[in-house]
Amino acid sequence: MPHEPGNTDQFSHRGHRRRGRPAAAHPVLARRSRAAGALGALLERGEVAAVRDALAEQVAELLTARRPDWSPDADELAAAVEAHLRGRPASAYGSWAWYPWSRQLVHVLPRDEYRELRQSRNRYKITADEQELLTGRTIAVIGLSVGAASAVTLAQEGVGSRFRLADFDRLSLSNLNRLRASVADVGLPKVVIAARQMYEIDPHLDIEVWPQGLTAENVDAFLTGGGRADLLVEECDDLYIKVYGRERARAHRIPVLMETNERGMLDVERFDREPHRPLLHGLLSGVAAADLGALSTREKVPYVLRILEQERPSERFVPSLVEIGQTISSWPQLASGVALGAALVTDTARRLLLGTFTASGRWFVDPGELVRDGTETMLRSEGPPPAGEAREVAAREVTEREVTAPLRLPEAGRPLAEEAVRRLVSYGIQAPSGGNVQPWRFVSRGRVLECRLDDDPAPTLLDFERSASHLAVGAAAENIDLAARAAGWACRARVFPDPADPGLVCELSFTDEGVDEAGATDGPRVPLAEWIGHRTTNRAPGTATPLAGPDAAALTGCAQESGALLDLVTERDGLEEVGRILGAGDRLRIMSPALHRDMMAEIRWDDEEVRRTRDGIDVATLQLDRTDLAGITIARHWPNLAFIRRIGGGASFEEGARKLVAASSAIGVLSVPGTTPDAYARGGRALQRLWLTATSRGLAVQPLTALLYLLARVERGGGAGLDPQEIAALRALRTRLAKILPHRPDHAELILVRLSYAPPPAVRSLRRDVGSCLRFAGPEGA
């Protein structure tokens, strides 16, 4: 590694192991605090044409890059820069790099900070740990056409900090069709040009240049001198060195990459993993390096063809072979091909050095094949706004039209007709259910209606002990009870009437006993039936208007009359903390492979899927703006998130809950005594009455309950299905939540709701039709 200058050596030529004395290829690097005199001498001798000092700006950018969520004003940022410099003048901080070829003196950050800032935009394409590993690698490059572009791109991306560059050739004017250089560079060694460009990206690099090229006598020194190279990038035209360099790379177990500038062909030879692998995949079997040493360009053609081994070379490659020595003097190459080759080499080198790519072989990334007529990807255009309106109409056709139709029941004392039962059940299925899975089935036996669990959908991790399903069936039973009473029938409900039949959650018996002429049997419960068709999940943000006292009293009173407890959070500080807790829960949920799978399985992504399934959560009901919709679409597929989980990222997934809670009027948790299935079923009835009461008072309701059911899984189920890290995170969230909302371990926490004053939602999720969940089995006991 290059050394930092000491007190007696204020200036250090980077990469001091140069072979020969070519034109300056290395900058002079000095610490300002130890080299004031030497810098002054440079200035006095007129060797400095320009001084570039943006050190303060670099420090400021470094500090803001470390805190992406920080938006300081000018004074705050200036104070932070001063604190970082610890009282030293900016001129004494970091290093000064003098570039002899341009005579510019540039002030830069210290090496580690310089690379941290310069590579900050690599994250998270490359993690910090990966970047550190890559920085420590040594890369050798032979051939500085494609090789020069590859070396510069490797340095730019931070793949390696120590380089060895070998090429005997000098830049000619015709090289400028593909090499990034200036006409003023014509006649300079290609290794010098490449090294200069790399040092202008990072003056802290360590680069050895070999302007005399490679021979049999110096290849081993090139590959291993000062430490074995971690990778050889071979891009030379000399077939002898192409083969001999591989022979020595294989002997030293150094992997080799080669890009050919022909159809994006990339060769990878993992001699580090396969020390006996045939050179060039065995394509030159029987040919030794010595056989190739004195060939003319034209005589190389048969061997080049063997190496390429292509049945379909590019259309323009064949005439190139035929015309060498006739109308063209050497192999033609294009800048686009060189740029593509540099990208392929750098991307592959990065993954190879990180150990995520281990194969040997040949690959083609041919733009002519990949981008041509007929290969374009079919894109799904974004749906126009009317699509959402169409969904809204479809939803209302199912919910409001069927539910608000008048009940036409037979006279008292007669069995309920099938049509009347269907109408009652149509009320029932408007109940809420986690993920809109609609986990119910109904069996009609005369005047008895069985409300059962549907065994088809497999329970999710959120449906701990089927508690969420029991809650939903209880809510559906309550809707049917309310609808029947409003129509003039008395209804008696029994929760889990048969211990031998755990699938039977609730049994409803209908009679005409105790019904007065107005059909009122239960005081304030009957008017709630009018709101069943209007109850919905409303995810609109709200206006953050404080919850009105009468509304709060009505909700807590409703819960109490139902045998439940409603705890409300209305203070802003408490709401902010609940928002942070729920945001952390959302992040955990989306970053857990199992929970992510369950979550994404709930969402219906387009009109066709919405209408076909008639369940799940229509993505349109999430009321996301374009940015958030794009985010959840990207998050739909787990591979897009696996890497984010590995690096501990995903903080942006917390923002949605925080924003929603901040726009709310209150957060409420509804609970009932007991944690058994019957507690959740009874709780479902209380939940439905509470939600209908809120709807009747113009309140928007959005359940944010996932966290509660994950906590139940941890606290009563040992966290089965979750990993230890997730369990620990959930326990920590419980501790925080218990400081704001009472935690009663002997109570079932049924739902956490966000209450707000907001306009009605534009779209409502659909329900499956009644016929899919209702069966007629004859009179009870038949």
# chains A, B, ... in the order shown; residues from 1 in each chain; ligands from 1
$ select_by_dssp --residues "range 69-225 of chain A" --states "strand (DSSP E)" --output "ChimeraX atom specification"
/A:95-99,104-108,138-142,162-166,206-210
$ write_last_selection --atoms "N, CA and C atoms" --output "compact mmCIF listing (two decimals), in the first residue's frame"
# COMPACT_ATOMS: atom_id res chain seq x y z
N SER A 95 -5.30 15.91 2.63
CA SER A 95 -4.09 15.82 1.81
C SER A 95 -4.19 16.75 0.61
N TRP A 96 -3.01 17.07 0.09
CA TRP A 96 -2.93 17.84 -1.14
C TRP A 96 -2.32 16.95 -2.22
N ALA A 97 -2.96 16.89 -3.37
CA ALA A 97 -2.46 16.08 -4.48
C ALA A 97 -2.03 17.01 -5.61
N TRP A 98 -0.77 16.86 -6.01
CA TRP A 98 -0.27 17.64 -7.13
C TRP A 98 -0.14 16.72 -8.33
N TYR A 99 -0.82 17.09 -9.43
CA TYR A 99 -0.81 16.30 -10.65
C TYR A 99 0.18 16.94 -11.63
N GLN A 104 -1.95 20.87 -11.55
CA GLN A 104 -3.01 21.28 -10.63
C GLN A 104 -2.72 20.74 -9.24
N LEU A 105 -2.96 21.57 -8.26
CA LEU A 105 -2.81 21.20 -6.85
C LEU A 105 -4.21 21.14 -6.25
N VAL A 106 -4.58 19.94 -5.79
CA VAL A 106 -5.97 19.71 -5.38
C VAL A 106 -6.01 19.28 -3.92
N HIS A 107 -6.89 19.89 -3.14
CA HIS A 107 -7.05 19.58 -1.72
C HIS A 107 -8.17 18.55 -1.56
N VAL A 108 -7.84 17.43 -0.91
CA VAL A 108 -8.80 16.33 -0.78
C VAL A 108 -8.87 15.86 0.66
N THR A 138 -6.15 -6.54 -5.10
CA THR A 138 -5.16 -6.16 -6.10
C THR A 138 -5.57 -6.75 -7.44
N ILE A 139 -5.61 -5.89 -8.46
CA ILE A 139 -6.06 -6.32 -9.79
C ILE A 139 -4.98 -5.99 -10.81
N ALA A 140 -4.64 -7.00 -11.59
CA ALA A 140 -3.66 -6.84 -12.66
C ALA A 140 -4.39 -6.77 -14.00
N VAL A 141 -3.97 -5.85 -14.87
CA VAL A 141 -4.62 -5.66 -16.16
C VAL A 141 -3.56 -5.69 -17.25
N ILE A 142 -3.76 -6.57 -18.23
CA ILE A 142 -2.87 -6.64 -19.39
C ILE A 142 -3.65 -6.16 -20.62
N ARG A 162 -5.38 -1.40 -5.41
CA ARG A 162 -4.03 -1.63 -5.90
C ARG A 162 -4.13 -2.23 -7.30
N PHE A 163 -3.43 -1.62 -8.24
CA PHE A 163 -3.52 -2.04 -9.64
C PHE A 163 -2.12 -2.19 -10.24
N ARG A 164 -2.04 -3.13 -11.18
CA ARG A 164 -0.85 -3.27 -12.01
C ARG A 164 -1.31 -3.21 -13.46
N LEU A 165 -0.73 -2.28 -14.21
CA LEU A 165 -1.14 -2.06 -15.59
C LEU A 165 0.04 -2.34 -16.51
N ALA A 166 -0.18 -3.18 -17.52
CA ALA A 166 0.90 -3.52 -18.44
C ALA A 166 0.45 -3.36 -19.88
N ASP A 206 -2.95 2.93 -5.40
CA ASP A 206 -1.58 2.44 -5.56
C ASP A 206 -1.52 1.72 -6.91
N ILE A 207 -0.84 2.33 -7.88
CA ILE A 207 -0.82 1.79 -9.25
C ILE A 207 0.62 1.59 -9.70
N GLU A 208 0.92 0.40 -10.14
CA GLU A 208 2.19 0.11 -10.79
C GLU A 208 1.97 0.12 -12.30
N VAL A 209 2.84 0.80 -13.02
CA VAL A 209 2.73 0.80 -14.48
C VAL A 209 3.91 0.04 -15.08
N TRP A 210 3.63 -0.75 -16.10
CA TRP A 210 4.64 -1.55 -16.79
C TRP A 210 4.61 -1.15 -18.27
$ atom_distance --atom1 "CA of Arg768 in chain A" --atom2 "CA of Arg614 in chain A"
5.1 Å
$ atom_distance --atom1 "CA of Leu144 in chain A" --atom2 "CA of Leu334 in chain A"
14.2 Å
$ residues_around --residues "range 726-737 of chain A" --least-positions-apart "4" --cutoff "10 Å" --atoms "only C-alpha atoms" --output "list in words"
Gly574, Glu577, Val578, Arg580, Ile581, Leu582, Ala584, Gly585, Leu588, Arg589, Met591, Ser592, Leu707, Leu708, Leu710, Leu711, Arg713, Val714, Glu715, Gly718, Gly719, Ala720, Gly721, Leu722, Leu741, Pro742 and His743 of chain A
$ decode --residues "range 327-364 of chain A" --atoms "N, CA, C and O atoms" --output "short mmCIF file (atom, residue, chain, number, x, y, z; two decimals), in the first residue's frame"
data_model
loop_
_atom_site.label_atom_id
_atom_site.label_comp_id
_atom_site.auth_asym_id
_atom_site.auth_seq_id
_atom_site.Cartn_x
_atom_site.Cartn_y
_atom_site.Cartn_z
N THR A 327 -7.53 -4.20 -46.45
CA THR A 327 -8.09 -2.84 -46.38
C THR A 327 -8.06 -2.27 -44.96
O THR A 327 -8.36 -1.10 -44.76
N ILE A 328 -7.78 -3.10 -43.96
CA ILE A 328 -7.59 -2.63 -42.59
C ILE A 328 -6.32 -3.26 -42.04
O ILE A 328 -5.93 -4.36 -42.44
N SER A 329 -5.68 -2.57 -41.09
CA SER A 329 -4.39 -3.03 -40.61
C SER A 329 -4.47 -3.83 -39.32
O SER A 329 -3.53 -4.55 -38.98
N SER A 330 -5.58 -3.74 -38.58
CA SER A 330 -5.66 -4.45 -37.31
C SER A 330 -7.12 -4.69 -36.96
O SER A 330 -8.02 -4.34 -37.72
N TRP A 331 -7.33 -5.32 -35.80
CA TRP A 331 -8.68 -5.65 -35.37
C TRP A 331 -9.49 -4.37 -35.15
O TRP A 331 -9.06 -3.48 -34.42
N PRO A 332 -10.68 -4.27 -35.74
CA PRO A 332 -11.52 -3.09 -35.49
C PRO A 332 -12.23 -3.21 -34.15
O PRO A 332 -12.63 -4.30 -33.73
N GLN A 333 -12.35 -2.10 -33.45
CA GLN A 333 -13.09 -2.05 -32.19
C GLN A 333 -13.85 -0.73 -32.14
O GLN A 333 -13.43 0.26 -32.76
N LEU A 334 -14.95 -0.72 -31.38
CA LEU A 334 -15.77 0.48 -31.24
C LEU A 334 -15.83 0.92 -29.78
O LEU A 334 -15.75 0.10 -28.87
N ALA A 335 -16.04 2.21 -29.59
CA ALA A 335 -16.13 2.74 -28.22
C ALA A 335 -17.27 2.11 -27.45
O ALA A 335 -17.15 1.84 -26.25
N SER A 336 -18.40 1.87 -28.12
CA SER A 336 -19.54 1.27 -27.42
C SER A 336 -19.20 -0.13 -26.93
O SER A 336 -19.58 -0.52 -25.82
N GLY A 337 -18.47 -0.88 -27.76
CA GLY A 337 -18.07 -2.22 -27.33
C GLY A 337 -17.08 -2.18 -26.20
O GLY A 337 -17.13 -3.01 -25.28
N VAL A 338 -16.14 -1.22 -26.24
CA VAL A 338 -15.17 -1.08 -25.15
C VAL A 338 -15.89 -0.70 -23.85
O VAL A 338 -15.60 -1.22 -22.78
N ALA A 339 -16.86 0.22 -23.93
CA ALA A 339 -17.61 0.63 -22.74
C ALA A 339 -18.41 -0.53 -22.18
O ALA A 339 -18.46 -0.74 -20.95
N LEU A 340 -19.04 -1.30 -23.06
CA LEU A 340 -19.78 -2.48 -22.61
C LEU A 340 -18.83 -3.47 -21.95
O LEU A 340 -19.14 -4.03 -20.89
N GLY A 341 -17.68 -3.69 -22.58
CA GLY A 341 -16.71 -4.63 -22.01
C GLY A 341 -16.25 -4.20 -20.63
O GLY A 341 -16.12 -5.03 -19.71
N ALA A 342 -16.00 -2.91 -20.45
CA ALA A 342 -15.59 -2.41 -19.14
C ALA A 342 -16.67 -2.65 -18.10
O ALA A 342 -16.38 -3.03 -16.95
N ALA A 343 -17.91 -2.44 -18.49
CA ALA A 343 -19.02 -2.68 -17.56
C ALA A 343 -19.12 -4.15 -17.19
O ALA A 343 -19.30 -4.51 -16.02
N LEU A 344 -19.00 -5.03 -18.19
CA LEU A 344 -19.09 -6.47 -17.92
C LEU A 344 -17.95 -6.94 -17.03
O LEU A 344 -18.15 -7.72 -16.10
N VAL A 345 -16.74 -6.47 -17.33
CA VAL A 345 -15.58 -6.86 -16.53
C VAL A 345 -15.74 -6.39 -15.09
O VAL A 345 -15.52 -7.14 -14.13
N THR A 346 -16.14 -5.14 -14.91
CA THR A 346 -16.23 -4.58 -13.56
C THR A 346 -17.33 -5.26 -12.76
O THR A 346 -17.12 -5.63 -11.59
N ASP A 347 -18.49 -5.44 -13.36
CA ASP A 347 -19.59 -6.08 -12.64
C ASP A 347 -19.22 -7.51 -12.26
O ASP A 347 -19.46 -7.95 -11.13
N THR A 348 -18.63 -8.25 -13.18
CA THR A 348 -18.26 -9.63 -12.91
C THR A 348 -17.13 -9.70 -11.89
O THR A 348 -17.14 -10.54 -10.99
N ALA A 349 -16.14 -8.79 -12.03
CA ALA A 349 -15.03 -8.76 -11.07
C ALA A 349 -15.53 -8.51 -9.66
O ALA A 349 -15.08 -9.14 -8.70
N ARG A 350 -16.46 -7.58 -9.53
CA ARG A 350 -17.00 -7.27 -8.20
C ARG A 350 -17.63 -8.50 -7.56
O ARG A 350 -17.34 -8.86 -6.41
N ARG A 351 -18.47 -9.18 -8.30
CA ARG A 351 -19.16 -10.35 -7.74
C ARG A 351 -18.19 -11.51 -7.53
O ARG A 351 -18.32 -12.27 -6.56
N LEU A 352 -17.22 -11.65 -8.41
CA LEU A 352 -16.22 -12.71 -8.25
C LEU A 352 -15.40 -12.47 -6.99
O LEU A 352 -15.20 -13.40 -6.18
N LEU A 353 -14.94 -11.26 -6.78
CA LEU A 353 -14.11 -10.96 -5.61
C LEU A 353 -14.89 -11.02 -4.31
O LEU A 353 -14.32 -11.26 -3.24
N LEU A 354 -16.19 -10.80 -4.39
CA LEU A 354 -17.04 -10.90 -3.19
C LEU A 354 -17.48 -12.33 -2.91
O LEU A 354 -18.08 -12.60 -1.86
N GLY A 355 -17.22 -13.23 -3.85
CA GLY A 355 -17.59 -14.63 -3.64
C GLY A 355 -19.02 -14.95 -3.96
O GLY A 355 -19.49 -16.05 -3.66
N THR A 356 -19.74 -14.03 -4.61
CA THR A 356 -21.13 -14.32 -4.96
C THR A 356 -21.26 -14.89 -6.37
O THR A 356 -22.36 -15.25 -6.78
N PHE A 357 -20.16 -14.95 -7.09
CA PHE A 357 -20.14 -15.52 -8.44
C PHE A 357 -18.93 -16.45 -8.50
O PHE A 357 -17.80 -16.02 -8.29
N THR A 358 -19.18 -17.73 -8.76
CA THR A 358 -18.11 -18.72 -8.63
C THR A 358 -17.87 -19.53 -9.90
O THR A 358 -16.98 -20.38 -9.92
N ALA A 359 -18.60 -19.29 -10.95
CA ALA A 359 -18.55 -20.16 -12.13
C ALA A 359 -17.41 -19.78 -13.06
O ALA A 359 -16.90 -18.66 -13.07
N SER A 360 -17.00 -20.76 -13.86
CA SER A 360 -16.15 -20.53 -15.03
C SER A 360 -17.02 -20.72 -16.26
O SER A 360 -18.03 -21.43 -16.23
N GLY A 361 -16.62 -20.10 -17.38
CA GLY A 361 -17.37 -20.32 -18.60
C GLY A 361 -17.37 -19.10 -19.48
O GLY A 361 -16.58 -18.17 -19.31
N ARG A 362 -18.30 -19.10 -20.43
CA ARG A 362 -18.41 -18.02 -21.41
C ARG A 362 -19.85 -17.52 -21.43
O ARG A 362 -20.80 -18.30 -21.43
N TRP A 363 -19.97 -16.20 -21.49
CA TRP A 363 -21.28 -15.57 -21.53
C TRP A 363 -21.30 -14.51 -22.64
O TRP A 363 -20.26 -13.93 -22.97
N PHE A 364 -22.49 -14.28 -23.19
CA PHE A 364 -22.68 -13.25 -24.21
C PHE A 364 -23.70 -12.23 -23.72
O PHE A 364 -24.79 -12.59 -23.29
#
